[in-house]
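Shown here: upload.pdb, PDB, C-alpha atoms, pLDDT in the B column.
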```pdb
ATOM      1  CA  ASP A   1     -13.547  -6.819  12.401  1.00 54.00           C
ATOM      2  CA  THR A   2     -12.179  -9.318   9.889  1.00 77.00           C
ATOM      3  CA  GLY A   3      -9.592  -7.072   8.285  1.00 92.00           C
ATOM      4  CA  VAL A   4      -5.814  -7.288   8.451  1.00 96.00           C
ATOM      5  CA  SER A   5      -4.507  -6.677  11.962  1.00 96.00           C
ATOM      6  CA  GLN A   6      -1.010  -5.717  13.093  1.00 97.00           C
ATOM      7  CA  ASP A   7       0.610  -5.697  16.479  1.00 97.00           C
ATOM      8  CA  PRO A   8       1.959  -3.586  18.023  1.00 97.00           C
ATOM      9  CA  ARG A   9       0.644  -0.363  16.534  1.00 95.00           C
ATOM     10  CA  HIS A  10       3.591   1.606  17.863  1.00 96.00           C
ATOM     11  CA  LYS A  11       7.071   0.558  18.925  1.00 97.00           C
ATOM     12  CA  ILE A  12       9.824   2.731  20.336  1.00 98.00           C
ATOM     13  CA  THR A  13      13.204   1.105  20.718  1.00 98.00           C
ATOM     14  CA  LYS A  14      16.815   2.025  21.214  1.00 97.00           C
ATOM     15  CA  ARG A  15      19.366   1.613  18.478  1.00 97.00           C
ATOM     16  CA  GLY A  16      20.856  -1.855  18.471  1.00 97.00           C
ATOM     17  CA  GLN A  17      17.824  -3.600  19.929  1.00 98.00           C
ATOM     18  CA  ASN A  18      15.825  -6.263  18.127  1.00 98.00           C
ATOM     19  CA  VAL A  19      12.132  -5.818  17.364  1.00 98.00           C
ATOM     20  CA  THR A  20       9.442  -8.138  16.050  1.00 98.00           C
ATOM     21  CA  PHE A  21       6.139  -7.230  14.469  1.00 98.00           C
ATOM     22  CA  ARG A  22       3.145  -9.461  13.869  1.00 98.00           C
ATOM     23  CA  CYS A  23       0.579  -9.447  11.072  1.00 98.00           C
ATOM     24  CA  ASP A  24      -2.667 -11.411  10.954  1.00 97.00           C
ATOM     25  CA  PRO A  25      -4.115 -11.420   7.431  1.00 96.00           C
ATOM     26  CA  ILE A  26      -7.734 -11.717   6.410  1.00 94.00           C
ATOM     27  CA  SER A  27      -8.550 -15.314   7.274  1.00 90.00           C
ATOM     28  CA  GLU A  28      -9.096 -16.743   3.802  1.00 86.00           C
ATOM     29  CA  HIS A  29      -6.174 -14.907   2.191  1.00 91.00           C
ATOM     30  CA  ASN A  30      -3.180 -17.023   1.213  1.00 92.00           C
ATOM     31  CA  ARG A  31      -0.963 -14.173   0.054  1.00 94.00           C
ATOM     32  CA  LEU A  32       0.717 -11.835   2.509  1.00 96.00           C
ATOM     33  CA  TYR A  33       2.929  -8.813   1.858  1.00 97.00           C
ATOM     34  CA  TRP A  34       5.141  -6.499   3.895  1.00 97.00           C
ATOM     35  CA  TYR A  35       5.793  -2.892   2.898  1.00 97.00           C
ATOM     36  CA  ARG A  36       7.709  -0.045   4.527  1.00 97.00           C
ATOM     37  CA  GLN A  37       6.565   3.561   4.405  1.00 95.00           C
ATOM     38  CA  THR A  38       8.766   6.464   5.404  1.00 94.00           C
ATOM     39  CA  LEU A  39       7.534   9.984   5.994  1.00 90.00           C
ATOM     40  CA  GLY A  40       6.447  11.724   2.817  1.00 88.00           C
ATOM     41  CA  GLN A  41       6.803   8.619   0.669  1.00 92.00           C
ATOM     42  CA  GLY A  42       4.584   5.878  -0.635  1.00 94.00           C
ATOM     43  CA  PRO A  43       4.921   2.337   0.660  1.00 95.00           C
ATOM     44  CA  GLU A  44       7.837   0.284  -0.655  1.00 96.00           C
ATOM     45  CA  PHE A  45       7.609  -3.456  -1.165  1.00 95.00           C
ATOM     46  CA  LEU A  46       9.690  -5.598   1.190  1.00 96.00           C
ATOM     47  CA  THR A  47       8.584  -9.209   0.790  1.00 96.00           C
ATOM     48  CA  TYR A  48       5.762 -11.524  -0.231  1.00 94.00           C
ATOM     49  CA  PHE A  49       4.459 -14.916   0.938  1.00 95.00           C
ATOM     50  CA  GLN A  50       2.261 -17.428  -0.793  1.00 93.00           C
ATOM     51  CA  ASN A  51       1.046 -19.560   2.107  1.00 93.00           C
ATOM     52  CA  GLU A  52       4.221 -20.315   4.115  1.00 93.00           C
ATOM     53  CA  ALA A  53       6.608 -19.840   1.202  1.00 93.00           C
ATOM     54  CA  GLN A  54       8.513 -16.564   0.943  1.00 92.00           C
ATOM     55  CA  LEU A  55       8.537 -16.035  -2.815  1.00 92.00           C
ATOM     56  CA  GLU A  56      10.169 -12.653  -3.238  1.00 90.00           C
ATOM     57  CA  LYS A  57      12.337 -10.311  -1.223  1.00 91.00           C
ATOM     58  CA  SER A  58      13.248  -6.749  -2.068  1.00 91.00           C
ATOM     59  CA  ARG A  59      16.845  -5.580  -1.976  1.00 89.00           C
ATOM     60  CA  LEU A  60      15.562  -3.209   0.734  1.00 85.00           C
ATOM     61  CA  LEU A  61      15.351  -6.231   3.011  1.00 87.00           C
ATOM     62  CA  SER A  62      18.873  -6.270   4.390  1.00 89.00           C
ATOM     63  CA  ASP A  63      20.385  -9.171   6.313  1.00 93.00           C
ATOM     64  CA  ARG A  64      19.110  -7.612   9.523  1.00 96.00           C
ATOM     65  CA  PHE A  65      15.529  -8.185   8.407  1.00 96.00           C
ATOM     66  CA  SER A  66      13.803 -11.548   8.454  1.00 95.00           C
ATOM     67  CA  ALA A  67      10.194 -12.435   7.794  1.00 96.00           C
ATOM     68  CA  GLU A  68       8.408 -15.691   8.460  1.00 96.00           C
ATOM     69  CA  ARG A  69       4.998 -17.187   7.967  1.00 96.00           C
ATOM     70  CA  PRO A  70       5.462 -20.608   9.531  1.00 90.00           C
ATOM     71  CA  LYS A  71       1.961 -22.036   9.227  1.00 86.00           C
ATOM     72  CA  GLY A  72       0.706 -19.982   6.336  1.00 85.00           C
ATOM     73  CA  SER A  73      -1.426 -17.828   8.597  1.00 91.00           C
ATOM     74  CA  PHE A  74       0.102 -14.986  10.607  1.00 96.00           C
ATOM     75  CA  SER A  75       3.492 -13.534   9.733  1.00 97.00           C
ATOM     76  CA  THR A  76       6.284 -11.934  11.725  1.00 97.00           C
ATOM     77  CA  LEU A  77       8.841  -9.373  10.634  1.00 97.00           C
ATOM     78  CA  GLU A  78      11.966  -9.143  12.770  1.00 97.00           C
ATOM     79  CA  ILE A  79      14.580  -6.419  12.610  1.00 97.00           C
ATOM     80  CA  GLN A  80      17.859  -7.156  14.354  1.00 97.00           C
ATOM     81  CA  ARG A  81      20.277  -4.501  15.590  1.00 97.00           C
ATOM     82  CA  THR A  82      17.925  -1.681  14.720  1.00 97.00           C
ATOM     83  CA  GLU A  83      19.293   1.533  13.228  1.00 96.00           C
ATOM     84  CA  GLN A  84      17.753   4.993  13.191  1.00 96.00           C
ATOM     85  CA  GLY A  85      17.166   4.587   9.463  1.00 95.00           C
ATOM     86  CA  ASP A  86      14.768   1.740  10.228  1.00 96.00           C
ATOM     87  CA  SER A  87      12.283   4.226  11.682  1.00 97.00           C
ATOM     88  CA  ALA A  88       9.203   3.930   9.482  1.00 96.00           C
ATOM     89  CA  MET A  89       5.685   2.593   9.258  1.00 95.00           C
ATOM     90  CA  TYR A  90       5.651  -1.125   8.500  1.00 97.00           C
ATOM     91  CA  LEU A  91       2.547  -2.162   6.639  1.00 96.00           C
ATOM     92  CA  CYS A  92       1.176  -5.632   6.106  1.00 97.00           C
ATOM     93  CA  ALA A  93      -1.304  -6.539   3.367  1.00 97.00           C
ATOM     94  CA  SER A  94      -3.049  -9.685   2.257  1.00 96.00           C
ATOM     95  CA  SER A  95      -4.887 -10.895  -0.816  1.00 93.00           C
ATOM     96  CA  ALA A  96      -6.773 -13.945  -1.976  1.00 89.00           C
ATOM     97  CA  ASP A  97      -5.373 -16.383  -4.515  1.00 82.00           C
ATOM     98  CA  SER A  98      -8.731 -17.602  -5.775  1.00 77.00           C
ATOM     99  CA  GLY A  99     -12.127 -16.119  -6.413  1.00 76.00           C
ATOM    100  CA  GLY A 100     -12.959 -12.814  -8.002  1.00 73.00           C
ATOM    101  CA  ASP A 101     -10.740 -10.458  -6.043  1.00 80.00           C
ATOM    102  CA  THR A 102      -7.239 -11.888  -6.280  1.00 81.00           C
ATOM    103  CA  ASP A 103      -5.711  -8.639  -7.473  1.00 85.00           C
ATOM    104  CA  THR A 104      -6.526  -6.421  -4.525  1.00 92.00           C
ATOM    105  CA  GLN A 105      -4.234  -6.104  -1.539  1.00 95.00           C
ATOM    106  CA  TYR A 106      -5.935  -5.117   1.712  1.00 95.00           C
ATOM    107  CA  PHE A 107      -3.760  -3.324   4.204  1.00 96.00           C
ATOM    108  CA  GLY A 108      -3.552  -3.385   7.956  1.00 96.00           C
ATOM    109  CA  PRO A 109      -3.199  -0.271  10.159  1.00 94.00           C
ATOM    110  CA  GLY A 110       0.568  -0.569  10.265  1.00 95.00           C
ATOM    111  CA  THR A 111       3.218  -0.638  12.982  1.00 96.00           C
ATOM    112  CA  ARG A 112       5.049   2.631  13.501  1.00 95.00           C
ATOM    113  CA  LEU A 113       8.648   2.021  14.549  1.00 97.00           C
ATOM    114  CA  THR A 114      10.753   4.735  16.130  1.00 97.00           C
ATOM    115  CA  VAL A 115      14.420   3.967  16.739  1.00 98.00           C
ATOM    116  CA  LEU A 116      16.082   6.335  19.189  1.00 96.00           C
TER
ATOM    117  CA  ALA B   1      10.816  -1.871 -13.545  1.00 81.00           C
ATOM    118  CA  GLN B   2       7.550  -0.118 -12.882  1.00 86.00           C
ATOM    119  CA  SER B   3       7.081   3.371 -11.479  1.00 91.00           C
ATOM    120  CA  VAL B   4       4.335   5.809 -10.587  1.00 95.00           C
ATOM    121  CA  ALA B   5       4.336   9.595 -10.639  1.00 96.00           C
ATOM    122  CA  GLN B   6       1.900  11.774  -8.769  1.00 97.00           C
ATOM    123  CA  PRO B   7       2.879  15.233 -10.007  1.00 96.00           C
ATOM    124  CA  GLU B   8       1.017  17.203  -7.344  1.00 96.00           C
ATOM    125  CA  ASP B   9       2.070  17.015  -3.693  1.00 96.00           C
ATOM    126  CA  GLN B  10      -1.100  18.836  -2.660  1.00 97.00           C
ATOM    127  CA  VAL B  11      -4.539  19.474  -4.103  1.00 98.00           C
ATOM    128  CA  ASN B  12      -6.865  22.016  -2.529  1.00 97.00           C
ATOM    129  CA  VAL B  13     -10.529  22.297  -3.472  1.00 97.00           C
ATOM    130  CA  ALA B  14     -13.693  23.762  -2.031  1.00 98.00           C
ATOM    131  CA  GLU B  15     -16.412  21.452  -0.839  1.00 97.00           C
ATOM    132  CA  GLY B  16     -18.854  20.689  -3.629  1.00 97.00           C
ATOM    133  CA  ASN B  17     -16.301  21.302  -6.382  1.00 97.00           C
ATOM    134  CA  PRO B  18     -14.847  18.567  -8.587  1.00 97.00           C
ATOM    135  CA  LEU B  19     -11.730  16.831  -7.338  1.00 97.00           C
ATOM    136  CA  THR B  20      -8.986  15.400  -9.553  1.00 98.00           C
ATOM    137  CA  VAL B  21      -5.813  13.680  -8.373  1.00 98.00           C
ATOM    138  CA  LYS B  22      -3.340  12.913 -11.133  1.00 98.00           C
ATOM    139  CA  CYS B  23      -1.320   9.749 -11.679  1.00 98.00           C
ATOM    140  CA  THR B  24       0.927   8.578 -14.499  1.00 97.00           C
ATOM    141  CA  TYR B  25       2.711   5.251 -14.617  1.00 95.00           C
ATOM    142  CA  SER B  26       5.400   3.286 -16.349  1.00 92.00           C
ATOM    143  CA  VAL B  27       5.230  -0.500 -16.568  1.00 89.00           C
ATOM    144  CA  SER B  28       6.065  -3.275 -19.004  1.00 86.00           C
ATOM    145  CA  GLY B  29       2.995  -4.725 -20.612  1.00 85.00           C
ATOM    146  CA  ASN B  30      -0.546  -4.218 -19.439  1.00 86.00           C
ATOM    147  CA  PRO B  31      -0.831  -2.760 -15.962  1.00 89.00           C
ATOM    148  CA  TYR B  32      -2.945  -3.334 -12.933  1.00 93.00           C
ATOM    149  CA  LEU B  33      -3.707   0.122 -11.459  1.00 95.00           C
ATOM    150  CA  PHE B  34      -4.985   1.005  -8.004  1.00 96.00           C
ATOM    151  CA  TRP B  35      -5.937   3.952  -5.850  1.00 97.00           C
ATOM    152  CA  TYR B  36      -5.670   3.860  -2.074  1.00 97.00           C
ATOM    153  CA  VAL B  37      -6.465   6.491   0.544  1.00 97.00           C
ATOM    154  CA  GLN B  38      -4.694   6.944   3.872  1.00 94.00           C
ATOM    155  CA  TYR B  39      -6.061   8.825   6.846  1.00 90.00           C
ATOM    156  CA  PRO B  40      -3.701  10.030   9.620  1.00 84.00           C
ATOM    157  CA  ASN B  41      -2.065   7.189  11.551  1.00 76.00           C
ATOM    158  CA  ARG B  42      -4.034   4.621   9.604  1.00 79.00           C
ATOM    159  CA  GLY B  43      -3.218   2.003   7.015  1.00 84.00           C
ATOM    160  CA  LEU B  44      -4.141   2.224   3.350  1.00 92.00           C
ATOM    161  CA  GLN B  45      -7.771   1.833   2.382  1.00 95.00           C
ATOM    162  CA  PHE B  46      -8.575   0.446  -1.085  1.00 95.00           C
ATOM    163  CA  LEU B  47     -10.650   2.770  -3.285  1.00 96.00           C
ATOM    164  CA  LEU B  48     -10.703   1.261  -6.766  1.00 96.00           C
ATOM    165  CA  LYS B  49      -8.738  -0.621  -9.387  1.00 94.00           C
ATOM    166  CA  TYR B  50      -8.369  -1.088 -13.115  1.00 94.00           C
ATOM    167  CA  ILE B  51      -7.620  -4.599 -14.292  1.00 91.00           C
ATOM    168  CA  THR B  52      -9.250  -4.863 -17.704  1.00 87.00           C
ATOM    169  CA  GLY B  53     -12.381  -3.811 -19.545  1.00 87.00           C
ATOM    170  CA  ASP B  54     -14.077  -0.448 -19.322  1.00 90.00           C
ATOM    171  CA  ASN B  55     -11.577   2.391 -19.010  1.00 91.00           C
ATOM    172  CA  LEU B  56     -13.795   4.214 -16.502  1.00 95.00           C
ATOM    173  CA  VAL B  57     -13.709   2.514 -13.135  1.00 95.00           C
ATOM    174  CA  LYS B  58     -16.061   3.367 -10.289  1.00 95.00           C
ATOM    175  CA  GLY B  59     -15.084   2.787  -6.696  1.00 94.00           C
ATOM    176  CA  SER B  60     -15.929   3.548  -3.102  1.00 91.00           C
ATOM    177  CA  TYR B  61     -17.319   6.844  -1.736  1.00 92.00           C
ATOM    178  CA  GLY B  62     -18.235   8.236  -5.172  1.00 95.00           C
ATOM    179  CA  PHE B  63     -14.697   8.102  -6.569  1.00 97.00           C
ATOM    180  CA  GLU B  64     -13.918   7.077 -10.116  1.00 97.00           C
ATOM    181  CA  ALA B  65     -10.804   6.845 -12.259  1.00 97.00           C
ATOM    182  CA  GLU B  66     -10.142   6.733 -15.977  1.00 95.00           C
ATOM    183  CA  PHE B  67      -7.479   4.512 -17.485  1.00 94.00           C
ATOM    184  CA  ASN B  68      -5.824   6.155 -20.483  1.00 94.00           C
ATOM    185  CA  LYS B  69      -3.370   3.797 -22.137  1.00 92.00           C
ATOM    186  CA  SER B  70      -1.987   6.276 -24.672  1.00 93.00           C
ATOM    187  CA  GLN B  71      -1.198   8.814 -21.961  1.00 94.00           C
ATOM    188  CA  THR B  72      -0.271   6.133 -19.398  1.00 94.00           C
ATOM    189  CA  SER B  73      -2.492   7.883 -16.879  1.00 96.00           C
ATOM    190  CA  PHE B  74      -4.984   6.837 -14.238  1.00 97.00           C
ATOM    191  CA  HIS B  75      -6.403  10.030 -12.732  1.00 98.00           C
ATOM    192  CA  LEU B  76      -8.727   9.824  -9.724  1.00 98.00           C
ATOM    193  CA  LYS B  77     -11.869  11.961  -9.824  1.00 98.00           C
ATOM    194  CA  LYS B  78     -14.849  12.851  -7.711  1.00 97.00           C
ATOM    195  CA  PRO B  79     -17.588  15.115  -9.093  1.00 97.00           C
ATOM    196  CA  SER B  80     -18.377  16.804  -5.776  1.00 97.00           C
ATOM    197  CA  ALA B  81     -15.779  16.762  -3.001  1.00 97.00           C
ATOM    198  CA  LEU B  82     -16.595  16.521   0.697  1.00 97.00           C
ATOM    199  CA  VAL B  83     -14.592  17.831   3.644  1.00 96.00           C
ATOM    200  CA  SER B  84     -14.299  14.199   4.764  1.00 94.00           C
ATOM    201  CA  ASP B  85     -12.374  13.414   1.547  1.00 96.00           C
ATOM    202  CA  SER B  86      -9.393  15.279   2.991  1.00 96.00           C
ATOM    203  CA  ALA B  87      -6.653  12.647   3.194  1.00 96.00           C
ATOM    204  CA  LEU B  88      -3.504  11.301   1.528  1.00 97.00           C
ATOM    205  CA  TYR B  89      -4.103   9.508  -1.772  1.00 98.00           C
ATOM    206  CA  PHE B  90      -1.776   6.963  -3.347  1.00 98.00           C
ATOM    207  CA  CYS B  91      -1.721   5.589  -6.865  1.00 98.00           C
ATOM    208  CA  ALA B  92      -0.125   2.162  -7.344  1.00 97.00           C
ATOM    209  CA  VAL B  93       0.777  -0.061 -10.282  1.00 95.00           C
ATOM    210  CA  SER B  94       1.849  -3.636 -10.818  1.00 91.00           C
ATOM    211  CA  PRO B  95       2.573  -5.559 -13.982  1.00 86.00           C
ATOM    212  CA  ARG B  96      -0.019  -8.147 -14.846  1.00 82.00           C
ATOM    213  CA  ASN B  97       0.487 -11.300 -12.748  1.00 76.00           C
ATOM    214  CA  ASP B  98       3.102  -9.654 -10.538  1.00 81.00           C
ATOM    215  CA  TYR B  99       1.887  -9.018  -7.007  1.00 83.00           C
ATOM    216  CA  LYS B 100       4.425  -6.390  -6.091  1.00 89.00           C
ATOM    217  CA  LEU B 101       2.838  -2.941  -5.962  1.00 94.00           C
ATOM    218  CA  SER B 102       4.811   0.211  -6.744  1.00 95.00           C
ATOM    219  CA  PHE B 103       3.351   3.338  -5.191  1.00 97.00           C
ATOM    220  CA  GLY B 104       3.571   7.001  -6.007  1.00 97.00           C
ATOM    221  CA  ALA B 105       4.719   9.470  -3.365  1.00 96.00           C
ATOM    222  CA  GLY B 106       1.156  10.443  -2.565  1.00 97.00           C
ATOM    223  CA  THR B 107      -1.030  13.536  -2.953  1.00 98.00           C
ATOM    224  CA  THR B 108      -2.487  15.334   0.037  1.00 97.00           C
ATOM    225  CA  VAL B 109      -6.041  16.434  -0.650  1.00 98.00           C
ATOM    226  CA  THR B 110      -7.556  19.225   1.405  1.00 97.00           C
ATOM    227  CA  VAL B 111     -11.223  20.030   0.952  1.00 97.00           C
ATOM    228  CA  ARG B 112     -12.238  23.301   2.588  1.00 96.00           C
ATOM    229  CA  ALA B 113     -15.751  23.943   3.800  1.00 94.00           C
TER
END
```
Transcribe the structure of this file into C-alpha cells.
Amino acid sequence: DTGVSQDPRHKITKRGQNVTFRCDPISEHNRLYWYRQTLGQGPEFLTYFQNEAQLEKSRLLSDRFSAERPKGSFSTLEIQRTEQGDSAMYLCASSADSGGDTDTQYFGPGTRLTVL
Amino acid sequence: AQSVAQPEDQVNVAEGNPLTVKCTYSVSGNPYLFWYVQYPNRGLQFLLKYITGDNLVKGSYGFEAEFNKSQTSFHLKKPSALVSDSALYFCAVSPRNDYKLSFGAGTTVTVRA
C-alpha cells in the first residue's frame, strides 16, 4: 500500500503527558498537512509543510503543539502537556507539487487521541 | 475567509434511488471544491474535485457533482444509491492556489436495502 500512513492509530494518555504522532506521506509528495477532527465536525487545518519548511500554522496550533518534517519526508506532531480538549482524530494528508494532480490532498487513516 | 455549509446532517434514501448531498460555500475568488467520504474509524477518501472547466464533475464509485457559481453550490449526486454508499460525506473548499482546505460539518448518508 503506497498511501499515507500514520502511527499509532490509537493513543490513550493521561492529562499532562506528552504524545507524538508520525505521518509518512505518499513517497513522491512534497506537501504535507495536519488536520484535527473532533466528533461531529469536519477536519480543521492545523499546519502545512512544503518539503521540510513549515509554511503555515493555524491559530488552533497552540504553543503546546509542534510539528516537524526534518528531512522533507515523514512528519511528527507532538502535543505537550495534553489536555482533555486535545482528544480528537489527528489526520495527515499529502499532495504533489508537480504533475497533474497537485490540487488533491490524500489522507491517512488518522490517529485517534484520547486524553483521560 | 472561506467556509462550507452542509445543510443536512443526515440523508436517508432507499437503495436504487437517487442520492443528493448538498453543499454551499463561501470563498474569495474562484474556488477549488472537493468531496471526500469517511467510513467508520477511517481517514478521508477522495471522491472528486472541481478545479476548472466543465461544471459537471464525475468521480469515483459513480458519484458526480455540479458546480454552480451563481448559487455557490457543489452538490454531490449519485443516480442509484447502494447500501455500501452509507458513510459520512464531507465537502471542502480552498481558494485557488491556497492549500488549506476548509471542510463542512459532514452529512451522514444511510442507504436502506
Near chain B, which residues of chain A fall within 12 Å when you count all atoms listed in the file, and what do they look like as a PDB file with C-alpha atoms, in the coordinates of the input?
```pdb
ATOM      1  CA  GLY A   3      -9.592  -7.072   8.285  1.00 92.00           C
ATOM      2  CA  VAL A   4      -5.814  -7.288   8.451  1.00 96.00           C
ATOM      3  CA  SER A   5      -4.507  -6.677  11.962  1.00 96.00           C
ATOM      4  CA  GLN A   6      -1.010  -5.717  13.093  1.00 97.00           C
ATOM      5  CA  ARG A   9       0.644  -0.363  16.534  1.00 95.00           C
ATOM      6  CA  HIS A  10       3.591   1.606  17.863  1.00 96.00           C
ATOM      7  CA  ARG A  31      -0.963 -14.173   0.054  1.00 94.00           C
ATOM      8  CA  LEU A  32       0.717 -11.835   2.509  1.00 96.00           C
ATOM      9  CA  TYR A  33       2.929  -8.813   1.858  1.00 97.00           C
ATOM     10  CA  TRP A  34       5.141  -6.499   3.895  1.00 97.00           C
ATOM     11  CA  TYR A  35       5.793  -2.892   2.898  1.00 97.00           C
ATOM     12  CA  ARG A  36       7.709  -0.045   4.527  1.00 97.00           C
ATOM     13  CA  GLN A  37       6.565   3.561   4.405  1.00 95.00           C
ATOM     14  CA  THR A  38       8.766   6.464   5.404  1.00 94.00           C
ATOM     15  CA  LEU A  39       7.534   9.984   5.994  1.00 90.00           C
ATOM     16  CA  GLY A  40       6.447  11.724   2.817  1.00 88.00           C
ATOM     17  CA  GLN A  41       6.803   8.619   0.669  1.00 92.00           C
ATOM     18  CA  GLY A  42       4.584   5.878  -0.635  1.00 94.00           C
ATOM     19  CA  PRO A  43       4.921   2.337   0.660  1.00 95.00           C
ATOM     20  CA  GLU A  44       7.837   0.284  -0.655  1.00 96.00           C
ATOM     21  CA  PHE A  45       7.609  -3.456  -1.165  1.00 95.00           C
ATOM     22  CA  LEU A  46       9.690  -5.598   1.190  1.00 96.00           C
ATOM     23  CA  THR A  47       8.584  -9.209   0.790  1.00 96.00           C
ATOM     24  CA  TYR A  48       5.762 -11.524  -0.231  1.00 94.00           C
ATOM     25  CA  PHE A  49       4.459 -14.916   0.938  1.00 95.00           C
ATOM     26  CA  GLN A  50       2.261 -17.428  -0.793  1.00 93.00           C
ATOM     27  CA  LEU A  55       8.537 -16.035  -2.815  1.00 92.00           C
ATOM     28  CA  GLU A  56      10.169 -12.653  -3.238  1.00 90.00           C
ATOM     29  CA  LYS A  57      12.337 -10.311  -1.223  1.00 91.00           C
ATOM     30  CA  SER A  58      13.248  -6.749  -2.068  1.00 91.00           C
ATOM     31  CA  ALA A  88       9.203   3.930   9.482  1.00 96.00           C
ATOM     32  CA  MET A  89       5.685   2.593   9.258  1.00 95.00           C
ATOM     33  CA  TYR A  90       5.651  -1.125   8.500  1.00 97.00           C
ATOM     34  CA  LEU A  91       2.547  -2.162   6.639  1.00 96.00           C
ATOM     35  CA  CYS A  92       1.176  -5.632   6.106  1.00 97.00           C
ATOM     36  CA  ALA A  93      -1.304  -6.539   3.367  1.00 97.00           C
ATOM     37  CA  SER A  94      -3.049  -9.685   2.257  1.00 96.00           C
ATOM     38  CA  SER A  95      -4.887 -10.895  -0.816  1.00 93.00           C
ATOM     39  CA  ALA A  96      -6.773 -13.945  -1.976  1.00 89.00           C
ATOM     40  CA  ASP A  97      -5.373 -16.383  -4.515  1.00 82.00           C
ATOM     41  CA  GLY A 100     -12.959 -12.814  -8.002  1.00 73.00           C
ATOM     42  CA  ASP A 101     -10.740 -10.458  -6.043  1.00 80.00           C
ATOM     43  CA  THR A 102      -7.239 -11.888  -6.280  1.00 81.00           C
ATOM     44  CA  ASP A 103      -5.711  -8.639  -7.473  1.00 85.00           C
ATOM     45  CA  THR A 104      -6.526  -6.421  -4.525  1.00 92.00           C
ATOM     46  CA  GLN A 105      -4.234  -6.104  -1.539  1.00 95.00           C
ATOM     47  CA  TYR A 106      -5.935  -5.117   1.712  1.00 95.00           C
ATOM     48  CA  PHE A 107      -3.760  -3.324   4.204  1.00 96.00           C
ATOM     49  CA  GLY A 108      -3.552  -3.385   7.956  1.00 96.00           C
ATOM     50  CA  PRO A 109      -3.199  -0.271  10.159  1.00 94.00           C
ATOM     51  CA  GLY A 110       0.568  -0.569  10.265  1.00 95.00           C
ATOM     52  CA  THR A 111       3.218  -0.638  12.982  1.00 96.00           C
ATOM     53  CA  ARG A 112       5.049   2.631  13.501  1.00 95.00           C
TER      54      ARG A 112
END
```
For the structure shown, which residues end up in the PyMOL selection byres ((chain A and resi 15) around 8)? Put them as a PyMOL selection string, please?
chain A and resi 13-14+16-17+81-84+115-116
Applying 8 Å and only C-alpha atoms, which residues near segment 70-72 of chain A remain after dropping the ones on its own chain fewer than 5 positions away? List them as an MDAnalysis selection string.
chainID A and resid 30 50:53
So, counting all atoms listed in the file, which residue among B:Thr110, B:Ser3, B:Ser84, B:Ser70 is closest to Ser28 of chain B?
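Of B:Thr110, B:Ser3, B:Ser84, B:Ser70, the one nearest Ser28 of chain B is B:Ser3, counting all atoms listed in the file.
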Enumerate, as a ChimeraX atom specification, the residues matched when the PyMOL selection byres ((chain B and resi 73) around 12) is run on the file above.
/B:3-7,21-27,31-34,50,55-56,65-72,74-76,91-93
